[in-house]
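Right, one structure below, let's go through it.
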Amino acid sequence: MNKKLNHHSLMTGVEELIKKDEGFAGIVFAHGLPPLWEREEGFHTLIHIILEQQVSLASAKATYTKLQQAVNPLEPESFLKLNDEKLKQTGFSRQKTRYGRALACAVIDGSLDLPGLGQLEDREAKTQLMNVKGIGPWTADIYLLMALGRTDIWPRGDLALEVAFQRLRGLQKKPAWEEMKTASTAWKPWRAVAARLLWHFYLSEQRKLSHKK
(Lines give C-alpha, C1' and ligand atoms only; values in the text may rest on other atoms or scores of the structure.)
Protein backbone atom coordinates (compact mmCIF):
# COMPACT_ATOMS: atom_id res chain seq x y z
CA MET A 1 0.00 0.00 0.00
CA ASN A 2 1.26 3.50 -0.84
CA LYS A 3 1.96 5.89 2.01
CA LYS A 4 -0.02 9.12 1.89
CA LEU A 5 1.84 12.38 1.98
CA ASN A 6 1.38 14.07 5.37
CA HIS A 7 2.77 17.18 7.03
CA HIS A 8 5.89 15.35 8.21
CA SER A 9 6.73 13.82 4.83
CA LEU A 10 5.89 17.13 3.12
CA MET A 11 8.59 18.81 5.21
CA THR A 12 11.01 15.99 4.39
CA GLY A 13 10.28 16.48 0.70
CA VAL A 14 10.79 20.24 0.95
CA GLU A 15 14.16 19.72 2.65
CA GLU A 16 15.27 17.29 -0.06
CA LEU A 17 14.15 19.61 -2.88
CA ILE A 18 15.92 22.60 -1.37
CA LYS A 19 19.16 20.60 -1.56
CA LYS A 20 18.49 19.74 -5.21
CA ASP A 21 17.29 23.11 -6.53
CA GLU A 22 18.14 26.55 -5.16
CA GLY A 23 14.95 27.91 -6.76
CA PHE A 24 12.91 26.01 -4.18
CA ALA A 25 15.06 27.44 -1.40
CA GLY A 26 14.18 30.90 -2.71
CA ILE A 27 10.46 30.10 -2.63
CA VAL A 28 10.60 28.95 0.99
CA PHE A 29 12.76 31.92 2.01
CA ALA A 30 10.35 34.41 0.39
CA HIS A 31 7.00 32.77 1.05
CA GLY A 32 7.42 30.12 3.73
CA LEU A 33 6.45 26.47 3.56
CA PRO A 34 3.73 25.29 1.16
CA PRO A 35 0.34 23.99 2.39
CA LEU A 36 -0.39 20.29 2.18
CA TRP A 37 -3.57 21.02 0.18
CA GLU A 38 -5.03 17.68 1.19
CA ARG A 39 -8.46 16.65 -0.09
CA GLU A 40 -10.77 13.86 0.93
CA GLU A 41 -10.93 10.75 -1.22
CA GLY A 42 -14.20 10.08 -2.97
CA PHE A 43 -16.74 10.93 -5.63
CA HIS A 44 -17.38 14.48 -4.35
CA THR A 45 -13.71 15.42 -4.69
CA LEU A 46 -13.48 14.06 -8.23
CA ILE A 47 -16.57 16.07 -9.18
CA HIS A 48 -14.90 19.17 -7.75
CA ILE A 49 -11.72 18.51 -9.75
CA ILE A 50 -13.75 18.01 -12.94
CA LEU A 51 -15.35 21.41 -12.28
CA GLU A 52 -11.83 22.89 -12.01
CA GLN A 53 -10.92 21.81 -15.54
CA GLN A 54 -9.98 24.87 -17.64
CA VAL A 55 -11.65 27.42 -15.32
CA SER A 56 -10.51 29.45 -12.32
CA LEU A 57 -10.52 27.81 -8.90
CA ALA A 58 -12.94 30.49 -7.69
CA SER A 59 -15.42 29.72 -10.47
CA ALA A 60 -15.22 25.98 -9.81
CA LYS A 61 -15.65 26.53 -6.09
CA ALA A 62 -18.79 28.63 -6.66
CA THR A 63 -20.34 25.89 -8.81
CA TYR A 64 -19.35 23.19 -6.34
CA THR A 65 -20.91 25.13 -3.46
CA LYS A 66 -24.19 25.48 -5.37
CA LEU A 67 -24.07 21.77 -6.15
CA GLN A 68 -23.67 20.93 -2.46
CA GLN A 69 -26.67 23.13 -1.69
CA ALA A 70 -28.71 21.27 -4.31
CA VAL A 71 -27.74 17.77 -3.16
CA ASN A 72 -26.33 16.82 0.22
CA PRO A 73 -24.65 14.43 0.74
CA LEU A 74 -23.10 14.51 -2.72
CA GLU A 75 -23.13 10.87 -3.79
CA PRO A 76 -23.31 9.24 -7.25
CA GLU A 77 -26.94 8.19 -6.84
CA SER A 78 -28.14 11.60 -5.69
CA PHE A 79 -26.10 13.36 -8.39
CA LEU A 80 -27.82 11.34 -11.11
CA LYS A 81 -31.21 12.54 -9.85
CA LEU A 82 -30.37 16.12 -10.92
CA ASN A 83 -31.66 16.93 -14.39
CA ASP A 84 -29.87 19.05 -17.00
CA GLU A 85 -31.66 22.24 -16.00
CA LYS A 86 -30.82 21.86 -12.32
CA LEU A 87 -27.17 21.21 -13.07
CA LYS A 88 -27.10 24.18 -15.44
CA GLN A 89 -28.45 26.38 -12.64
CA THR A 90 -25.56 25.35 -10.41
CA GLY A 91 -23.07 26.25 -13.14
CA PHE A 92 -22.42 22.95 -14.93
CA SER A 93 -21.73 23.17 -18.65
CA ARG A 94 -23.22 20.52 -20.92
CA GLN A 95 -19.83 18.88 -21.24
CA LYS A 96 -19.22 18.71 -17.51
CA THR A 97 -22.75 17.44 -16.96
CA ARG A 98 -21.84 14.49 -19.21
CA TYR A 99 -18.56 14.00 -17.37
CA GLY A 100 -20.22 14.09 -13.96
CA ARG A 101 -22.80 11.52 -14.99
CA ALA A 102 -20.17 9.26 -16.54
CA LEU A 103 -18.26 9.36 -13.26
CA ALA A 104 -21.36 8.66 -11.19
CA CYS A 105 -22.28 5.67 -13.39
CA ALA A 106 -18.73 4.29 -13.27
CA VAL A 107 -18.72 4.40 -9.46
CA ILE A 108 -22.17 2.80 -9.23
CA ASP A 109 -21.46 -0.02 -11.69
CA GLY A 110 -18.06 -0.70 -10.12
CA SER A 111 -15.97 0.00 -13.21
CA LEU A 112 -14.23 2.65 -11.10
CA ASP A 113 -13.39 1.40 -7.62
CA LEU A 114 -12.54 4.62 -5.81
CA PRO A 115 -11.74 3.04 -2.41
CA GLY A 116 -9.52 0.50 -4.17
CA LEU A 117 -7.35 3.11 -5.88
CA GLY A 118 -5.35 3.50 -2.70
CA GLN A 119 -4.06 -0.04 -3.10
CA LEU A 120 -2.79 0.54 -6.65
CA GLU A 121 0.50 1.92 -7.90
CA ASP A 122 0.43 5.40 -9.46
CA ARG A 123 0.25 4.26 -13.08
CA GLU A 124 -2.48 1.68 -12.43
CA ALA A 125 -4.58 4.14 -10.43
CA LYS A 126 -4.20 6.80 -13.09
CA THR A 127 -5.18 4.38 -15.86
CA GLN A 128 -8.31 3.30 -13.99
CA LEU A 129 -9.34 6.92 -13.46
CA MET A 130 -8.73 7.82 -17.10
CA ASN A 131 -10.97 4.99 -18.26
CA VAL A 132 -13.88 7.23 -17.22
CA LYS A 133 -15.05 9.73 -19.84
CA GLY A 134 -14.07 13.25 -18.84
CA ILE A 135 -11.12 12.26 -16.66
CA GLY A 136 -7.93 13.12 -18.51
CA PRO A 137 -4.30 13.16 -17.35
CA TRP A 138 -4.61 16.44 -15.41
CA THR A 139 -7.75 15.42 -13.50
CA ALA A 140 -6.30 12.01 -12.65
CA ASP A 141 -2.99 13.52 -11.57
CA ILE A 142 -4.64 16.08 -9.30
CA TYR A 143 -6.72 13.36 -7.64
CA LEU A 144 -3.63 11.22 -7.10
CA LEU A 145 -1.65 14.18 -5.81
CA MET A 146 -4.23 15.75 -3.49
CA ALA A 147 -6.73 13.05 -2.54
CA LEU A 148 -4.50 9.97 -2.54
CA GLY A 149 -1.49 11.97 -1.35
CA ARG A 150 0.99 10.40 -3.76
CA THR A 151 4.48 11.85 -3.43
CA ASP A 152 5.79 11.66 -7.00
CA ILE A 153 2.99 12.97 -9.24
CA TRP A 154 3.76 15.75 -11.72
CA PRO A 155 0.44 17.02 -13.17
CA ARG A 156 0.48 17.54 -16.91
CA GLY A 157 -1.16 20.64 -18.37
CA ASP A 158 -1.42 22.68 -15.17
CA LEU A 159 -1.34 26.34 -16.17
CA ALA A 160 -0.32 27.65 -12.73
CA LEU A 161 2.67 25.28 -12.67
CA GLU A 162 3.71 26.42 -16.13
CA VAL A 163 3.58 30.09 -15.12
CA ALA A 164 5.39 29.44 -11.83
CA PHE A 165 8.11 27.44 -13.59
CA GLN A 166 8.52 30.20 -16.17
CA ARG A 167 8.94 32.86 -13.47
CA LEU A 168 11.25 30.72 -11.36
CA ARG A 169 13.55 30.00 -14.29
CA GLY A 170 13.28 33.51 -15.79
CA LEU A 171 12.07 32.14 -19.13
CA GLN A 172 10.76 34.39 -21.90
CA LYS A 173 7.72 32.18 -22.53
CA LYS A 174 5.82 29.41 -20.86
CA PRO A 175 7.68 26.10 -21.09
CA ALA A 176 6.49 23.18 -23.18
CA TRP A 177 5.35 20.08 -21.32
CA GLU A 178 8.44 18.11 -22.35
CA GLU A 179 10.70 20.81 -20.92
CA MET A 180 8.88 20.74 -17.59
CA LYS A 181 8.78 16.95 -17.56
CA THR A 182 12.53 16.77 -18.17
CA ALA A 183 13.24 19.29 -15.41
CA SER A 184 10.97 17.43 -13.01
CA THR A 185 12.99 14.21 -13.23
CA ALA A 186 15.60 15.86 -10.99
CA TRP A 187 12.93 16.24 -8.30
CA LYS A 188 12.02 12.56 -8.00
CA PRO A 189 10.72 11.05 -5.76
CA TRP A 190 9.19 14.32 -4.50
CA ARG A 191 7.60 15.80 -7.62
CA ALA A 192 4.22 16.21 -5.87
CA VAL A 193 6.00 18.32 -3.26
CA ALA A 194 7.71 20.30 -6.03
CA ALA A 195 4.26 20.97 -7.49
CA ARG A 196 3.05 22.27 -4.12
CA LEU A 197 6.07 24.56 -3.84
CA LEU A 198 5.44 25.97 -7.31
CA TRP A 199 1.70 26.45 -6.63
CA HIS A 200 2.63 28.17 -3.37
CA PHE A 201 5.02 30.44 -5.29
CA TYR A 202 2.40 31.20 -7.95
CA LEU A 203 -0.38 32.03 -5.48
CA SER A 204 1.92 34.08 -3.24
CA GLU A 205 3.12 36.13 -6.20
CA GLN A 206 -0.45 36.62 -7.41
CA ARG A 207 -1.45 37.94 -3.97
CA LYS A 208 1.47 40.37 -4.03
CA LEU A 209 0.40 41.69 -7.41
CA SER A 210 -3.23 42.10 -6.33
CA HIS A 211 -2.18 44.08 -3.24
CA LYS A 212 -0.22 46.50 -5.43
CA LYS A 213 -3.28 47.36 -7.52
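Chain labels A, B, ... are given in the sequence in which chains occur in the C-alpha coordinates; within each chain residues are numbered consecutively from 1, and ligands are likewise numbered from 1 in the order shown.
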
Long-range neighbours of segment 101-114 of chain A as JSON, numbers by chain, 9 Å cut-off, only C-alpha atoms, 2 positions minimum in chain: {"A": [41, 42, 43, 46, 47, 75, 76, 77, 79, 80, 96, 97, 98, 99, 116, 117, 118, 128, 129, 131, 132, 133, 134, 135]}

Non-local contacts of Leu67 of chain A (10 Å; only C-alpha atoms; under 3 positions in same chain excluded) as a ChimeraX atom specification: /A:47-48,61-64,70-72,74,79,82,86-87,89-92

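Checking A:Asp21, A:Glu121, A:Asp152, A:Asp141 one by one against Leu5 of chain A, counting only C-alpha atoms, you find the shortest gap at A:Asp152.
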
Atom-to-atom span, atom CA of Thr65 of chain A and atom CA of Leu197 of chain A, Å: 27.0 Å
